[in-house]
Amino acid sequence: MRLRKTSVGVAVVAALSLAACDGGGSSDVGAAASASASTSTEPSAGSGSPSGDGATDGSTDGSGGGDSQASASATASVSPSGSSSGGVCRTADLSFSSSGGMAEGELLINLRNTGSASCSMHGFPGLDLKGKDGTVSAARNSGRSAPTVTLTPGEATNFSLYFPPNSSGGSGVTFTSALVTPPNETHSHSMSLSVNVPAGDGTASRITVTPVGSGK
């Protein structure tokens, strides 16, 4: 998992030191603000590394961030093979929202086809969590296979974001937005997203995403 230092380097160290004091642990998302902590041998799924089979340049599209929508439609066509129907789903033709997952420490990121034609997605998305203390790129959850998902206009699919919930009793580290890059795309979408994690050891490496459409 890669963490890209921002211009708030000194503030990052101070904020995370205070977070560690509150939570009683050492600061791994303190290491989240200064080092890679990915547990996967594959490249990180964040915006600074390949998303699915494509790469991401970290740019954002012109659409706004995350309104809350219902969970993704169950009618999207999912194929376990790599075959696709229609062109690749482009960031500009998708809407993005979040909803609660099945358990604490899981959020669903919903992707809906707002274009006029069917499109397909296959692979891992890129996702960077951002906050005043820095940026963390989610690693790939290697326990899930990647199906090919075909969306007709209006249909939706999703992927899961997993993170360790903060039950430390301290303030932890809070992220306030996410930069999402669909598989095989080079443009990203910024959306509001609130995630609070502990500031202890092993935190950064436990922030992961599943492939688009992988389900439960």
# chains A, B, ... in the order shown; residues from 1 in each chain; ligands from 1
call {"tool": "residues_around", "arguments": {"residues": "Asn166 of chain A", "least_positions_apart": "3", "cutoff": "7 Å", "atoms": "only C-alpha atoms", "output": "ChimeraX atom specification"}}
result
/A:172,196-198
call {"tool": "residues_around", "arguments": {"residues": "Leu179 of chain A", "least_positions_apart": "5", "cutoff": "6 Å", "atoms": "only C-alpha atoms", "output": "list in words"}}
result
Leu127, Asp128, His189 and Ser190 of chain A
call {"tool": "closest_residue", "arguments": {"among": "A:Pro153, A:Gly213, A:Gly131, A:Gly143", "to": "Asp93 of chain A", "atoms": "only C-alpha atoms"}}
result
A:Pro153
call {"tool": "atom_distance", "arguments": {"atom1": "atom CA of Thr186 of chain A", "atom2": "atom CA of Lys130 of chain A"}}
result
18.7 Å
call {"tool": "atom_distance", "arguments": {"atom1": "atom CA of Val173 of chain A", "atom2": "atom CA of Ala138 of chain A"}}
result
15.0 Å
call {"tool": "select_by_dssp", "arguments": {"residues": "segment 108-148 of chain A", "states": "strand (DSSP E)", "output": "PyMOL selection string"}}
result
chain A and resi 108-113+119-122+126-131+134-137+139-140+148
call {"tool": "closest_atom_pairs", "arguments": {"of": "segment 138-185 of chain A", "to": "segment 115-123 of chain A", "cutoff": "6 Å", "atoms": "only C-alpha atoms", "output": "tab-separated table"}}
result
residue	atom	partner	partner_atom	distance
A:Ala146	CA	A:Gly123	CA	5.3
A:Thr148	CA	A:His122	CA	4.5
A:Val149	CA	A:Met121	CA	5.3
A:Thr150	CA	A:Ser120	CA	4.3
A:Leu151	CA	A:Cys119	CA	5.5
A:Thr152	CA	A:Ser118	CA	4.2
A:Pro153	CA	A:Ser116	CA	5.7
A:Pro183	CA	A:Gly123	CA	5.5
call {"tool": "residues_around", "arguments": {"residues": "segment 104-107 of chain A", "least_positions_apart": "5", "cutoff": "6 Å", "atoms": "only C-alpha atoms", "output": "list in words"}}
result
Ser99, Ser160, Leu161, Tyr162, Phe163, Pro164 and Pro165 of chain A
call {"tool": "closest_residue", "arguments": {"among": "A:Met102, A:Ala139, A:Leu193, A:Leu94", "to": "Phe124 of chain A", "atoms": "only C-alpha atoms"}}
result
A:Ala139
call {"tool": "decode", "arguments": {"residues": "segment 128-200 of chain A", "atoms": "C-alpha atoms", "output": "short mmCIF file (atom, residue, chain, number, x, y, z; two decimals), in the first residue's frame"}}
result
data_model
loop_
_atom_site.label_atom_id
_atom_site.label_comp_id
_atom_site.auth_asym_id
_atom_site.auth_seq_id
_atom_site.Cartn_x
_atom_site.Cartn_y
_atom_site.Cartn_z
CA ASP A 128 -7.28 6.41 -2.38
CA LEU A 129 -8.55 7.55 1.02
CA LYS A 130 -7.72 11.19 1.71
CA GLY A 131 -7.77 13.30 4.86
CA LYS A 132 -5.90 16.11 6.60
CA ASP A 133 -3.31 13.59 7.81
CA GLY A 134 -2.43 12.30 4.33
CA THR A 135 -3.45 9.72 1.74
CA VAL A 136 -3.64 5.92 1.84
CA SER A 137 -4.02 3.76 -1.28
CA ALA A 138 -6.17 0.68 -0.70
CA ALA A 139 -4.54 -2.66 -1.49
CA ARG A 140 -6.19 -5.40 -3.56
CA ASN A 141 -8.13 -8.10 -1.72
CA SER A 142 -6.61 -11.15 -3.38
CA GLY A 143 -9.28 -13.47 -1.95
CA ARG A 144 -11.85 -12.44 -4.57
CA SER A 145 -11.92 -13.36 -8.27
CA ALA A 146 -12.73 -10.66 -10.81
CA PRO A 147 -15.80 -11.26 -12.99
CA THR A 148 -16.73 -9.22 -16.06
CA VAL A 149 -19.72 -6.99 -15.33
CA THR A 150 -21.87 -5.57 -18.14
CA LEU A 151 -24.14 -2.62 -17.33
CA THR A 152 -26.97 -1.47 -19.55
CA PRO A 153 -27.94 2.22 -19.18
CA GLY A 154 -29.25 2.80 -15.65
CA GLU A 155 -27.85 -0.42 -14.17
CA ALA A 156 -25.34 -0.48 -11.32
CA THR A 157 -22.74 -2.67 -9.69
CA ASN A 158 -20.41 -2.20 -6.73
CA PHE A 159 -17.23 -3.19 -4.97
CA SER A 160 -16.37 -3.39 -1.27
CA LEU A 161 -13.97 -1.23 0.70
CA TYR A 162 -12.72 -2.96 3.86
CA PHE A 163 -11.01 -1.14 6.72
CA PRO A 164 -10.36 -1.74 10.44
CA PRO A 165 -12.97 0.27 12.38
CA ASN A 166 -11.60 2.43 15.17
CA SER A 167 -12.51 0.83 18.48
CA SER A 168 -9.33 1.97 20.25
CA GLY A 169 -11.00 4.61 22.38
CA GLY A 170 -8.78 7.27 20.80
CA SER A 171 -9.51 9.66 17.98
CA GLY A 172 -7.63 7.53 15.44
CA VAL A 173 -7.17 8.79 11.89
CA THR A 174 -10.12 10.10 9.85
CA PHE A 175 -10.38 10.19 6.07
CA THR A 176 -13.01 12.47 4.56
CA SER A 177 -12.96 11.65 0.84
CA ALA A 178 -12.06 8.93 -1.64
CA LEU A 179 -10.58 9.11 -5.13
CA VAL A 180 -12.06 6.22 -7.15
CA THR A 181 -10.73 4.97 -10.48
CA PRO A 182 -12.81 2.34 -12.35
CA PRO A 183 -10.95 -0.66 -13.82
CA ASN A 184 -9.11 0.01 -17.09
CA GLU A 185 -9.64 3.78 -16.75
CA THR A 186 -7.19 6.65 -16.38
CA HIS A 187 -9.61 9.24 -14.95
CA SER A 188 -10.72 9.29 -11.32
CA HIS A 189 -13.75 10.55 -9.44
CA SER A 190 -13.55 12.31 -6.06
CA MET A 191 -16.38 11.57 -3.64
CA SER A 192 -17.12 12.37 0.00
CA LEU A 193 -16.50 9.38 2.26
CA SER A 194 -15.99 9.25 6.03
CA VAL A 195 -13.70 6.48 7.32
CA ASN A 196 -12.16 6.42 10.81
CA VAL A 197 -9.40 3.89 11.54
CA PRO A 198 -7.13 3.31 14.56
CA ALA A 199 -3.62 4.73 14.52
CA GLY A 200 -2.01 1.43 15.57
#
